[in-house]
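Peer 1: The file below is final_13.cif, mmCIF, C-alpha atoms and all ligand atoms:
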data_query
#
loop_
_atom_site.label_atom_id
_atom_site.label_comp_id
_atom_site.auth_asym_id
_atom_site.auth_seq_id
_atom_site.Cartn_x
_atom_site.Cartn_y
_atom_site.Cartn_z
CA MET M 1153 -74.79 13.99 20.64
CA MET M 1154 -78.09 12.42 21.63
CA GLN M 1155 -77.96 11.29 25.21
CA ASP M 1156 -81.40 9.69 25.27
CA ASP M 1157 -83.94 8.35 22.79
CA ASN M 1158 -85.92 11.29 21.42
CA TRP M 1159 -84.21 13.89 23.63
CA PHE M 1160 -81.18 16.17 23.21
CA SER M 1161 -79.97 17.56 26.51
CA GLU M 1162 -77.29 20.10 27.41
CA ARG M 1163 -75.68 20.15 30.82
CA TYR M 1164 -74.15 23.47 31.83
CA TYR M 1165 -72.92 25.54 34.77
CA TYR M 1166 -70.38 22.93 35.87
CA LYS M 1167 -72.81 20.30 34.52
CA SER M 1168 -75.16 21.07 37.42
CA VAL M 1169 -78.10 22.34 35.32
CA ILE M 1170 -79.76 20.66 32.33
CA ASN M 1171 -81.83 21.86 29.35
CA GLY M 1172 -83.67 19.24 27.28
CA TYR M 1173 -85.26 19.36 23.82
CA LYS M 1174 -87.62 16.70 22.51
CA VAL M 1175 -86.18 15.54 19.17
CA LYS M 1176 -88.40 14.59 16.25
CA LYS M 1177 -85.47 13.64 13.99
CA VAL M 1178 -81.69 13.60 14.03
CA LEU M 1179 -80.85 15.48 10.84
CA HIS M 1180 -77.05 15.39 11.00
CA GLU M 1181 -74.19 14.24 13.20
CA GLU M 1182 -70.45 14.43 12.49
CA LYS M 1183 -67.10 15.09 14.12
CA SER M 1184 -65.11 17.73 12.27
CA GLN M 1185 -61.42 18.46 12.76
CA TRP M 1186 -62.50 20.88 15.54
CA GLN M 1187 -65.72 19.72 17.18
CA GLU M 1188 -68.83 17.53 17.15
CA ILE M 1189 -71.50 19.08 14.92
CA ALA M 1190 -75.16 18.02 15.16
CA VAL M 1191 -78.49 19.24 13.83
CA TYR M 1192 -81.80 18.11 15.31
CA GLU M 1193 -85.40 18.70 14.28
CA THR M 1194 -86.98 19.50 17.63
CA GLN M 1195 -90.57 19.90 18.80
CA ALA M 1196 -90.03 23.20 20.63
CA VAL M 1197 -87.36 25.24 18.77
CA GLY M 1198 -87.45 23.89 15.21
CA LYS M 1199 -84.04 23.00 13.79
CA LEU M 1200 -81.28 23.16 16.39
CA LEU M 1201 -77.51 23.34 15.68
CA THR M 1202 -75.23 22.11 18.46
CA LEU M 1203 -71.43 22.11 18.71
CA ASP M 1204 -69.74 19.75 21.18
CA GLY M 1205 -73.17 19.19 22.75
CA LYS M 1206 -73.91 22.90 23.25
CA THR M 1207 -76.82 24.77 21.68
CA MET M 1208 -75.73 27.33 19.10
CA VAL M 1209 -78.53 28.27 16.70
CA SER M 1210 -82.24 27.47 16.47
CA ASP M 1211 -85.07 28.41 14.13
CA LEU M 1212 -86.92 29.75 17.18
CA ASP M 1213 -84.60 32.56 18.24
CA GLU M 1214 -81.45 32.94 16.10
CA PHE M 1215 -82.66 36.38 14.93
CA VAL M 1216 -82.41 37.84 18.47
CA TYR M 1217 -78.67 37.27 18.60
CA HIS M 1218 -77.86 38.12 15.00
CA GLU M 1219 -80.02 41.26 14.74
CA THR M 1220 -78.78 42.52 18.13
CA MET M 1221 -75.08 42.54 17.20
CA ALA M 1222 -75.40 43.45 13.50
CA HIS M 1223 -77.83 46.36 13.85
CA ILE M 1224 -76.65 47.90 17.13
CA SER M 1225 -73.12 48.14 15.70
CA SER M 1226 -74.26 49.31 12.23
CA MET M 1227 -76.64 51.92 13.62
CA THR M 1228 -73.99 53.56 15.83
CA HIS M 1229 -70.95 53.61 13.54
CA PRO M 1230 -70.86 56.87 11.51
CA ASP M 1231 -70.06 55.24 8.17
CA PRO M 1232 -69.17 51.52 8.30
CA LYS M 1233 -67.52 50.05 5.21
CA LYS M 1234 -65.52 47.01 6.40
CA VAL M 1235 -66.82 44.35 8.79
CA LEU M 1236 -65.01 41.40 10.35
CA ILE M 1237 -66.89 38.52 11.97
CA ILE M 1238 -64.86 36.00 13.98
CA GLY M 1239 -66.78 32.73 14.40
CA GLY M 1240 -70.33 33.08 13.12
CA GLY M 1241 -70.15 30.02 10.85
CA ASP M 1242 -73.94 29.70 10.87
CA GLY M 1243 -74.04 32.81 8.65
CA GLY M 1244 -76.78 34.63 10.58
CA LEU M 1245 -74.70 37.76 11.21
CA VAL M 1246 -73.62 37.98 7.56
CA ARG M 1247 -77.30 37.78 6.55
CA GLU M 1248 -77.99 40.86 8.63
CA PHE M 1249 -74.92 42.87 7.55
CA VAL M 1250 -75.56 42.41 3.79
CA LYS M 1251 -78.80 44.37 4.30
CA TYR M 1252 -76.60 47.53 4.36
CA PRO M 1253 -75.83 48.54 0.72
CA SER M 1254 -73.14 50.97 1.96
CA LEU M 1255 -70.94 48.14 3.30
CA GLU M 1256 -68.02 47.28 1.01
CA GLU M 1257 -66.46 44.20 2.67
CA ILE M 1258 -67.64 41.53 5.10
CA GLN M 1259 -65.02 39.02 6.20
CA LEU M 1260 -66.23 35.84 7.93
CA VAL M 1261 -63.32 34.19 9.78
CA GLU M 1262 -64.61 30.79 10.90
CA ILE M 1263 -62.09 28.18 12.08
CA ASP M 1264 -64.35 25.25 11.15
CA GLU M 1265 -65.51 25.20 7.51
CA ARG M 1266 -67.78 22.25 8.28
CA VAL M 1267 -69.99 24.52 10.41
CA ILE M 1268 -70.55 26.70 7.35
CA GLU M 1269 -71.27 23.72 5.10
CA VAL M 1270 -73.69 22.10 7.58
CA SER M 1271 -75.41 25.46 8.12
CA LYS M 1272 -75.81 25.89 4.34
CA GLU M 1273 -77.60 22.53 4.22
CA PHE M 1274 -79.85 22.85 7.27
CA PHE M 1275 -80.13 26.62 7.94
CA PRO M 1276 -80.45 28.19 4.47
CA ASN M 1277 -82.29 31.13 6.07
CA CYS M 1278 -79.15 31.94 8.10
CA THR M 1279 -76.66 31.40 5.27
CA SER M 1280 -78.63 33.33 2.63
CA GLY M 1281 -76.14 36.23 2.77
CA LEU M 1282 -72.98 34.19 2.20
CA SER M 1283 -73.30 34.42 -1.61
CA ASP M 1284 -73.18 38.23 -1.54
CA SER M 1285 -70.18 39.42 -3.59
CA ARG M 1286 -68.91 41.53 -0.66
CA VAL M 1287 -68.54 38.46 1.58
CA LYS M 1288 -65.13 36.83 1.97
CA ILE M 1289 -65.01 33.55 3.90
CA VAL M 1290 -61.64 32.91 5.61
CA PRO M 1291 -61.47 29.41 7.17
CA THR M 1292 -58.88 30.04 9.88
CA ASP M 1293 -58.28 30.88 13.52
CA GLY M 1294 -59.50 34.42 14.19
CA ILE M 1295 -56.97 34.88 16.99
CA LYS M 1296 -54.09 34.58 14.55
CA TYR M 1297 -55.82 36.25 11.58
CA ILE M 1298 -56.66 39.53 13.28
CA GLY M 1299 -52.97 40.25 13.97
CA GLU M 1300 -52.54 40.97 10.23
CA PHE M 1301 -54.64 44.15 10.44
CA GLU M 1302 -54.18 47.67 11.76
CA ASN M 1303 -56.67 50.56 11.52
CA TYR M 1304 -58.68 48.56 8.95
CA PHE M 1305 -62.11 47.37 10.13
CA ASP M 1306 -65.02 49.63 11.12
CA ILE M 1307 -66.95 46.87 12.91
CA ILE M 1308 -65.60 43.64 14.44
CA ILE M 1309 -68.00 41.05 15.86
CA ILE M 1310 -66.83 38.13 17.98
CA ASP M 1311 -69.53 35.53 17.44
CA SER M 1312 -67.79 32.62 19.12
CA THR M 1313 -68.50 29.57 21.19
CA ASP M 1314 -67.83 29.65 24.95
CA PRO M 1315 -64.34 30.63 26.22
CA GLU M 1316 -62.98 27.10 25.98
CA GLU M 1317 -60.37 25.30 23.88
CA PHE M 1318 -59.78 27.10 20.56
CA ALA M 1319 -62.26 29.85 21.51
CA GLU M 1320 -60.68 30.61 24.89
CA GLY M 1321 -58.19 33.06 23.39
CA LEU M 1322 -61.06 35.21 22.04
CA PHE M 1323 -61.79 36.49 25.55
CA THR M 1324 -58.32 37.66 26.64
CA LYS M 1325 -56.82 41.12 27.15
CA GLU M 1326 -54.19 40.35 24.51
CA PHE M 1327 -56.81 39.46 21.92
CA TYR M 1328 -58.98 42.48 22.71
CA SER M 1329 -55.96 44.77 22.28
CA THR M 1330 -55.34 43.28 18.81
CA VAL M 1331 -59.01 43.93 18.03
CA ASN M 1332 -58.57 47.55 19.12
CA LYS M 1333 -55.51 47.86 16.86
CA ALA M 1334 -57.36 46.36 13.86
CA LEU M 1335 -60.24 48.86 14.27
CA THR M 1336 -60.40 52.34 12.69
CA LYS M 1337 -60.72 55.41 14.94
CA ASP M 1338 -64.54 55.17 15.01
CA GLY M 1339 -64.35 51.37 15.19
CA ILE M 1340 -66.85 49.30 17.16
CA MET M 1341 -66.46 45.78 18.55
CA MET M 1342 -69.35 43.64 19.80
CA ALA M 1343 -69.03 40.20 21.34
CA GLN M 1344 -71.28 37.64 22.94
CA THR M 1345 -70.29 37.66 26.63
CA GLU M 1346 -72.28 34.87 28.26
CA ASN M 1347 -74.80 34.78 31.15
CA PRO M 1348 -74.11 36.61 34.46
CA PHE M 1349 -76.30 34.26 36.52
CA PHE M 1350 -74.79 30.90 35.58
CA ASP M 1351 -71.41 32.58 35.55
CA GLU M 1352 -69.17 29.63 34.68
CA TYR M 1353 -66.78 31.74 32.59
CA ASN M 1354 -66.30 34.62 35.03
CA ILE M 1355 -68.00 37.42 33.15
CA GLY M 1356 -66.38 39.96 35.49
CA ASP M 1357 -62.93 39.02 34.21
CA ILE M 1358 -64.11 39.17 30.59
CA TYR M 1359 -65.24 42.76 31.17
CA LYS M 1360 -62.01 43.58 33.00
CA ASN M 1361 -60.15 42.43 29.88
CA LEU M 1362 -62.44 44.56 27.70
CA LYS M 1363 -61.98 47.64 29.89
CA ALA M 1364 -58.20 47.18 29.76
CA SER M 1365 -58.38 47.35 25.95
CA PHE M 1366 -61.12 49.86 25.10
CA LYS M 1367 -61.87 53.42 26.20
CA ASN M 1368 -65.61 52.79 26.10
CA VAL M 1369 -67.15 49.50 27.28
CA GLN M 1370 -70.91 49.07 27.49
CA ALA M 1371 -73.19 46.04 27.52
CA VAL M 1372 -76.50 45.03 26.01
CA HIS M 1373 -78.81 42.29 27.30
CA ALA M 1374 -81.28 40.16 25.36
CA PRO M 1375 -83.05 36.82 25.89
CA MET M 1376 -81.68 33.77 24.10
CA SER M 1377 -84.21 31.02 24.81
CA ILE M 1378 -81.86 28.19 23.82
CA TYR M 1379 -78.81 29.40 25.77
CA PRO M 1380 -77.97 28.40 29.36
CA GLY M 1381 -80.08 30.58 31.66
CA VAL M 1382 -81.65 32.49 28.70
CA TYR M 1383 -80.47 35.91 29.98
CA TRP M 1384 -77.61 36.82 27.62
CA THR M 1385 -75.13 39.70 27.43
CA PHE M 1386 -73.26 41.32 24.57
CA ALA M 1387 -70.36 43.74 24.93
CA PHE M 1388 -70.29 47.00 22.96
CA CYS M 1389 -66.76 48.47 22.85
CA SER M 1390 -65.32 51.50 21.07
CA LYS M 1391 -62.63 54.16 21.16
CA GLY M 1392 -65.24 56.72 22.13
CA ILE M 1393 -68.52 56.15 20.28
CA ASN M 1394 -71.48 55.70 22.64
CA GLY M 1395 -73.62 52.65 21.87
CA ILE M 1396 -76.92 54.48 22.40
CA ALA M 1397 -76.07 57.37 20.05
CA LEU M 1398 -77.82 56.38 16.84
CA ASN M 1399 -76.26 57.61 13.59
CA SER M 1400 -78.95 60.17 12.61
CA GLU M 1401 -78.18 59.92 8.88
CA ARG M 1402 -79.12 56.23 8.99
CA ILE M 1403 -82.41 56.63 10.83
CA PRO M 1404 -84.55 56.90 7.68
CA PHE M 1405 -82.92 53.72 6.33
CA MET M 1406 -83.57 51.83 9.58
CA SER M 1407 -87.11 53.22 9.97
CA ASP M 1408 -87.89 51.22 6.86
CA LEU M 1409 -85.62 48.19 7.44
CA GLN M 1410 -86.84 47.58 11.00
CA LYS M 1411 -90.34 46.85 9.73
CA SER M 1412 -88.93 43.61 8.31
CA LEU M 1413 -86.76 42.71 11.28
CA GLU M 1414 -87.89 40.18 13.88
CA TRP M 1415 -86.18 41.65 16.94
CA TYR M 1416 -84.29 44.91 16.47
CA ASN M 1417 -85.90 48.33 16.41
CA MET M 1418 -84.38 51.69 17.30
CA ASP M 1419 -86.39 52.08 20.53
CA TRP M 1420 -85.29 48.67 21.75
CA HIS M 1421 -81.69 49.52 20.75
CA LYS M 1422 -81.49 52.24 23.40
CA ALA M 1423 -83.42 50.26 26.00
CA ALA M 1424 -81.10 47.25 25.59
CA PHE M 1425 -78.21 49.27 27.07
CA VAL M 1426 -80.18 49.99 30.28
CA LEU M 1427 -78.84 47.41 32.75
CA PRO M 1428 -80.26 46.39 36.17
CA ASN M 1429 -78.03 46.66 39.26
CA PHE M 1430 -77.26 42.92 39.30
CA THR M 1431 -75.88 42.95 35.74
CA LYS M 1432 -73.99 46.22 36.17
CA ARG M 1433 -72.31 44.85 39.29
CA LYS M 1434 -71.47 41.45 37.77
CA LEU M 1435 -69.96 43.11 34.69
CA GLY M 1436 -68.22 45.83 36.69
CA LEU M 1437 -70.06 48.55 34.76
CA GLU M 1438 -71.44 50.55 37.67
N1 LIG M 1501 -74.24 32.08 18.29
C1 LIG M 1501 -73.47 31.03 18.89
C2 LIG M 1501 -73.21 31.29 20.34
O1 LIG M 1501 -73.38 32.41 20.78
O2 LIG M 1501 -72.80 30.36 21.03
C3 LIG M 1501 -72.18 30.83 18.18
C4 LIG M 1501 -72.31 30.90 16.71
S1 LIG M 1501 -71.07 30.21 15.78
C5 LIG M 1501 -71.71 28.62 15.47
C6 LIG M 1501 -69.66 30.00 16.84
C7 LIG M 1501 -68.47 29.65 15.98
O3 LIG M 1501 -67.24 30.13 16.53
C8 LIG M 1501 -68.26 28.15 15.78
O4 LIG M 1501 -68.64 27.79 14.47
C9 LIG M 1501 -66.76 27.93 16.04
O5 LIG M 1501 -66.17 27.03 15.11
C10 LIG M 1501 -66.23 29.35 15.88
N2 LIG M 1501 -64.95 29.61 16.54
C11 LIG M 1501 -64.60 29.30 17.82
N3 LIG M 1501 -63.32 29.69 18.05
C12 LIG M 1501 -62.87 30.29 16.91
C13 LIG M 1501 -61.64 30.92 16.54
N4 LIG M 1501 -60.60 30.99 17.40
N5 LIG M 1501 -61.53 31.44 15.29
C14 LIG M 1501 -62.57 31.36 14.41
N6 LIG M 1501 -63.77 30.77 14.69
C15 LIG M 1501 -63.91 30.24 15.94
#
Kindly transcribe the structure held in the file into structure tokens.
Ligand code: SAM
Peer 2:
Amino acid sequence: MMQDDNWFSERYYYKSVINGYKVKKVLHEEKSQWQEIAVYETQAVGKLLTLDGKTMVSDLDEFVYHETMAHISSMTHPDPKKVLIIGGGDGGLVREFVKYPSLEEIQLVEIDERVIEVSKEFFPNCTSGLSDSRVKIVPTDGIKYIGEFENYFDIIIIDSTDPEEFAEGLFTKEFYSTVNKALTKDGIMMAQTENPFFDEYNIGDIYKNLKASFKNVQAVHAPMSIYPGVYWTFAFCSKGINGIALNSERIPFMSDLQKSLEWYNMDWHKAAFVLPNFTKRKLGLE
């Protein structure tokens, strides 16, 4: 919630660092069954969605995050048909996945329906894909839901809040092994895995949990201007598929699609997997 007239500020890294955004208008504030939800019109990043006082989505840079996870996974899987997104209530990932006519099913498992409803009202650009007939919205806890599936999904994306409270279980070895079980043999999982500099959530342990559950664990980095420390990581996990091996049959499709994308292109895709020493060491991916 607003801590100061005309400013929204987020304290992070054990509340020892602060980001501030000059607010032109408070567009929405509520407390759902799960969290505080707010939307601000800001001077610097356009509309800004926050949950429990943490930045989630902004007009300025939401496409970086959503295009990174949707297109890296879709461009490496040999023939994706079924996608599961856990979290992602802002709809941005669904908007990107529905651009693939070959997909048959996109399940959005978001614990807090109010995030979807608020996003529909204030971020129609993000939620534009939710009306696609292939999309199934499941308002429940993804940790419990995923246990119902085995050898079913081709791509699973964990688009969650930080590893706290009802999202904490989305970063455990147990959860990642249920993800592995729910994936098909060529299955791919991607997840947002925080910032290795302001490492409040012990990114090394997150990657230890991933490596205990998947044969192949890689990471991608990209800048998220509104997230703590900007420098963001995303895990790419599979039973063998290499994240930089583009599906050659899909290259003509992406050569055209990427002209309309704001972030992703196939050259950047490969470059995004090239990590500096610091990040490799922090993630245990040397
Ligand atoms: N892009 C944002 C980021 O990286 O911080 C997150 C996008 S989205 C708004 C995060 C969503 O995860 C929230 O709407 C939250 O309700 C949802 N979420 C957290 N834990 C969940 C769980 N266990 N099952 C389903 N959804 C969950």
Peer 1: If the limit is 7 Å from any atom of ligand LIG 1501 (chain M), counting all atoms listed in the file, which residues qualify? Return them as JSON, numbers by chain.
Peer 2: {"M": [1207, 1208, 1209, 1217, 1238, 1239, 1240, 1241, 1242, 1261, 1262, 1263, 1264, 1267, 1292, 1293, 1294, 1295, 1311, 1312, 1313, 1314, 1318, 1319, 1321, 1322, 1344]}
Peer 1: With distances taken over only C-alpha atoms, which of M:Val1216, M:Leu1200, M:Met1406, M:Val1270 is nearest to Ala1424 (chain M)?
Peer 2: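 Comparing M:Val1216, M:Leu1200, M:Met1406, M:Val1270 against Ala1424 (chain M), the winner is M:Val1216.
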Peer 1: Please measure the separation of CA of Ser1254 (chain M) and CA of Met1342 (chain M), giving the value in Å to one decimal.
Peer 2: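 Here the two named atoms are 19.7 Å from each other.
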Peer 1: Pick out the residues sitting within 12 Å of Phe1388 (chain M), and hand them over as an mmCIF file with C-alpha atoms, in the coordinates of the input; count all atoms listed in the file, and ignore anything fewer than 2 positions along from it in its own chain.
Peer 2:
data_model
loop_
_atom_site.group_PDB
_atom_site.id
_atom_site.type_symbol
_atom_site.label_atom_id
_atom_site.label_comp_id
_atom_site.auth_asym_id
_atom_site.auth_seq_id
_atom_site.Cartn_x
_atom_site.Cartn_y
_atom_site.Cartn_z
ATOM 1 C CA THR M 1220 -78.780 42.520 18.130
ATOM 2 C CA MET M 1221 -75.080 42.540 17.200
ATOM 3 C CA ALA M 1222 -75.400 43.450 13.500
ATOM 4 C CA HIS M 1223 -77.830 46.360 13.850
ATOM 5 C CA ILE M 1224 -76.650 47.900 17.130
ATOM 6 C CA SER M 1225 -73.120 48.140 15.700
ATOM 7 C CA SER M 1226 -74.260 49.310 12.230
ATOM 8 C CA THR M 1228 -73.990 53.560 15.830
ATOM 9 C CA HIS M 1229 -70.950 53.610 13.540
ATOM 10 C CA ILE M 1307 -66.950 46.870 12.910
ATOM 11 C CA ILE M 1308 -65.600 43.640 14.440
ATOM 12 C CA ILE M 1309 -68.000 41.050 15.860
ATOM 13 C CA ILE M 1310 -66.830 38.130 17.980
ATOM 14 C CA GLY M 1339 -64.350 51.370 15.190
ATOM 15 C CA ILE M 1340 -66.850 49.300 17.160
ATOM 16 C CA MET M 1341 -66.460 45.780 18.550
ATOM 17 C CA MET M 1342 -69.350 43.640 19.800
ATOM 18 C CA ALA M 1343 -69.030 40.200 21.340
ATOM 19 C CA GLN M 1344 -71.280 37.640 22.940
ATOM 20 C CA THR M 1345 -70.290 37.660 26.630
ATOM 21 C CA TYR M 1359 -65.240 42.760 31.170
ATOM 22 C CA LEU M 1362 -62.440 44.560 27.700
ATOM 23 C CA LYS M 1363 -61.980 47.640 29.890
ATOM 24 C CA PHE M 1366 -61.120 49.860 25.100
ATOM 25 C CA LYS M 1367 -61.870 53.420 26.200
ATOM 26 C CA ASN M 1368 -65.610 52.790 26.100
ATOM 27 C CA VAL M 1369 -67.150 49.500 27.280
ATOM 28 C CA GLN M 1370 -70.910 49.070 27.490
ATOM 29 C CA ALA M 1371 -73.190 46.040 27.520
ATOM 30 C CA VAL M 1372 -76.500 45.030 26.010
ATOM 31 C CA HIS M 1373 -78.810 42.290 27.300
ATOM 32 C CA THR M 1385 -75.130 39.700 27.430
ATOM 33 C CA PHE M 1386 -73.260 41.320 24.570
ATOM 34 C CA SER M 1390 -65.320 51.500 21.070
ATOM 35 C CA LYS M 1391 -62.630 54.160 21.160
ATOM 36 C CA GLY M 1392 -65.240 56.720 22.130
ATOM 37 C CA ILE M 1393 -68.520 56.150 20.280
ATOM 38 C CA ASN M 1394 -71.480 55.700 22.640
ATOM 39 C CA GLY M 1395 -73.620 52.650 21.870
ATOM 40 C CA ILE M 1396 -76.920 54.480 22.400
ATOM 41 C CA HIS M 1421 -81.690 49.520 20.750
ATOM 42 C CA ALA M 1424 -81.100 47.250 25.590
ATOM 43 C CA PHE M 1425 -78.210 49.270 27.070
ATOM 44 C CA LEU M 1437 -70.060 48.550 34.760
#
Peer 1: Which residue out of M:Glu1401, M:Tyr1328, M:Lys1333, M:Leu1179 has the minimum interatomic distance to Ser1365 (chain M) when all atoms listed in the file are used?
Peer 2: M:Tyr1328
Peer 1: What separation in Å, quoted to one decimal, exists between CA of Pro1380 (chain M) and CA of Asn1171 (chain M)?
Peer 2: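 These atoms are spaced 7.6 Å apart.
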Peer 1: Which of these residues is nearest to Phe1160 (chain M), using only C-alpha atoms: M:Lys1176, M:Lys1325, M:Lys1288, M:Lys1234?
Peer 2: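 Counting only C-alpha atoms, the residue closest to Phe1160 (chain M) is M:Lys1176.
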Peer 1: Would you work out the distance separating CA of Asn1332 (chain M) from CA of Val1287 (chain M), expressed in Å to one decimal?
Peer 2: 22.1 Å
Peer 1: From (-69.0, 18.6, 19.3), in the file's coordinates, out to 8 Å: which residues are reached, counting all atoms listed in the file? Answer as a ChimeraX atom specification.
Peer 2: /M:1153,1183,1186-1190,1202-1206
Peer 1: Compare M:Arg1402, M:Lys1233, M:His1180, M:Lys1434 by their minimum atom-to-atom distance to Asn1347 (chain M), counting only C-alpha atoms, and give me the closest one.
Peer 2: M:Lys1434
Peer 1: Using all atoms listed in the file, pick whichever of M:Ala1374, M:Met1418, M:Gln1410, M:Gly1381 has the shortest atom-to-atom distance to Ala1397 (chain M).
Peer 2: M:Met1418
Peer 1: Since the input lacks some atoms of region 1351-1358 of chain M, please model all heavy atoms and print them as a PDB file, in the coordinates of the input.
Peer 2:
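Output saved as part.pdb:
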ATOM      1  N   ASP M1351     -72.643  31.913  35.964  1.00  0.00           N
ATOM      2  CA  ASP M1351     -71.410  32.580  35.550  1.00  0.00           C
ATOM      3  C   ASP M1351     -70.207  31.639  35.568  1.00  0.00           C
ATOM      4  O   ASP M1351     -69.250  31.818  36.331  1.00  0.00           O
ATOM      5  CB  ASP M1351     -71.174  33.784  36.485  1.00  0.00           C
ATOM      6  CG  ASP M1351     -70.020  34.661  36.023  1.00  0.00           C
ATOM      7  OD1 ASP M1351     -69.608  34.513  34.852  1.00  0.00           O
ATOM      8  OD2 ASP M1351     -69.514  35.441  36.844  1.00  0.00           O
ATOM      9  N   GLU M1352     -70.248  30.642  34.699  1.00  0.00           N
ATOM     10  CA  GLU M1352     -69.170  29.630  34.680  1.00  0.00           C
ATOM     11  C   GLU M1352     -67.870  30.180  34.083  1.00  0.00           C
ATOM     12  O   GLU M1352     -66.791  29.664  34.363  1.00  0.00           O
ATOM     13  CB  GLU M1352     -69.638  28.421  33.857  1.00  0.00           C
ATOM     14  CG  GLU M1352     -68.680  27.255  33.890  1.00  0.00           C
ATOM     15  CD  GLU M1352     -69.255  25.988  33.270  1.00  0.00           C
ATOM     16  OE1 GLU M1352     -70.507  25.933  33.069  1.00  0.00           O
ATOM     17  OE2 GLU M1352     -68.482  25.065  32.991  1.00  0.00           O
ATOM     18  N   TYR M1353     -67.980  31.241  33.289  1.00  0.00           N
ATOM     19  CA  TYR M1353     -66.780  31.740  32.590  1.00  0.00           C
ATOM     20  C   TYR M1353     -66.298  33.069  33.136  1.00  0.00           C
ATOM     21  O   TYR M1353     -65.543  33.778  32.494  1.00  0.00           O
ATOM     22  CB  TYR M1353     -67.088  31.819  31.083  1.00  0.00           C
ATOM     23  CG  TYR M1353     -67.495  30.482  30.528  1.00  0.00           C
ATOM     24  CD1 TYR M1353     -68.825  30.205  30.202  1.00  0.00           C
ATOM     25  CD2 TYR M1353     -66.571  29.446  30.395  1.00  0.00           C
ATOM     26  CE1 TYR M1353     -69.211  28.952  29.738  1.00  0.00           C
ATOM     27  CE2 TYR M1353     -66.945  28.190  29.931  1.00  0.00           C
ATOM     28  CZ  TYR M1353     -68.266  27.951  29.600  1.00  0.00           C
ATOM     29  OH  TYR M1353     -68.645  26.712  29.141  1.00  0.00           O
ATOM     30  N   ASN M1354     -66.747  33.409  34.345  1.00  0.00           N
ATOM     31  CA  ASN M1354     -66.300  34.620  35.030  1.00  0.00           C
ATOM     32  C   ASN M1354     -66.426  35.872  34.180  1.00  0.00           C
ATOM     33  O   ASN M1354     -65.439  36.456  33.704  1.00  0.00           O
ATOM     34  CB  ASN M1354     -64.841  34.460  35.496  1.00  0.00           C
ATOM     35  CG  ASN M1354     -64.583  35.372  36.689  1.00  0.00           C
ATOM     36  OD1 ASN M1354     -65.166  36.467  36.738  1.00  0.00           O
ATOM     37  ND2 ASN M1354     -63.760  34.942  37.605  1.00  0.00           N
ATOM     38  N   ILE M1355     -67.669  36.276  34.010  1.00  0.00           N
ATOM     39  CA  ILE M1355     -68.000  37.420  33.150  1.00  0.00           C
ATOM     40  C   ILE M1355     -67.299  38.690  33.634  1.00  0.00           C
ATOM     41  O   ILE M1355     -66.956  39.565  32.834  1.00  0.00           O
ATOM     42  CB  ILE M1355     -69.535  37.587  33.103  1.00  0.00           C
ATOM     43  CG1 ILE M1355     -69.977  38.354  31.858  1.00  0.00           C
ATOM     44  CG2 ILE M1355     -70.088  38.164  34.389  1.00  0.00           C
ATOM     45  CD1 ILE M1355     -71.474  38.251  31.585  1.00  0.00           C
ATOM     46  N   GLY M1356     -67.058  38.777  34.950  1.00  0.00           N
ATOM     47  CA  GLY M1356     -66.380  39.960  35.490  1.00  0.00           C
ATOM     48  C   GLY M1356     -64.970  40.103  34.922  1.00  0.00           C
ATOM     49  O   GLY M1356     -64.539  41.210  34.566  1.00  0.00           O
ATOM     50  N   ASP M1357     -64.281  38.985  34.785  1.00  0.00           N
ATOM     51  CA  ASP M1357     -62.930  39.020  34.210  1.00  0.00           C
ATOM     52  C   ASP M1357     -62.962  39.349  32.715  1.00  0.00           C
ATOM     53  O   ASP M1357     -62.102  40.077  32.202  1.00  0.00           O
ATOM     54  CB  ASP M1357     -62.226  37.671  34.413  1.00  0.00           C
ATOM     55  CG  ASP M1357     -61.747  37.500  35.853  1.00  0.00           C
ATOM     56  OD1 ASP M1357     -61.842  38.497  36.618  1.00  0.00           O
ATOM     57  OD2 ASP M1357     -61.309  36.393  36.208  1.00  0.00           O
ATOM     58  N   ILE M1358     -63.975  38.840  32.028  1.00  0.00           N
ATOM     59  CA  ILE M1358     -64.110  39.170  30.590  1.00  0.00           C
ATOM     60  C   ILE M1358     -64.231  40.683  30.428  1.00  0.00           C
ATOM     61  O   ILE M1358     -63.544  41.301  29.611  1.00  0.00           O
ATOM     62  CB  ILE M1358     -65.333  38.456  29.980  1.00  0.00           C
ATOM     63  CG1 ILE M1358     -65.126  36.934  29.966  1.00  0.00           C
ATOM     64  CG2 ILE M1358     -65.621  38.974  28.568  1.00  0.00           C
ATOM     65  CD1 ILE M1358     -66.350  36.131  29.497  1.00  0.00           C
TER      66      ILE M1358
END
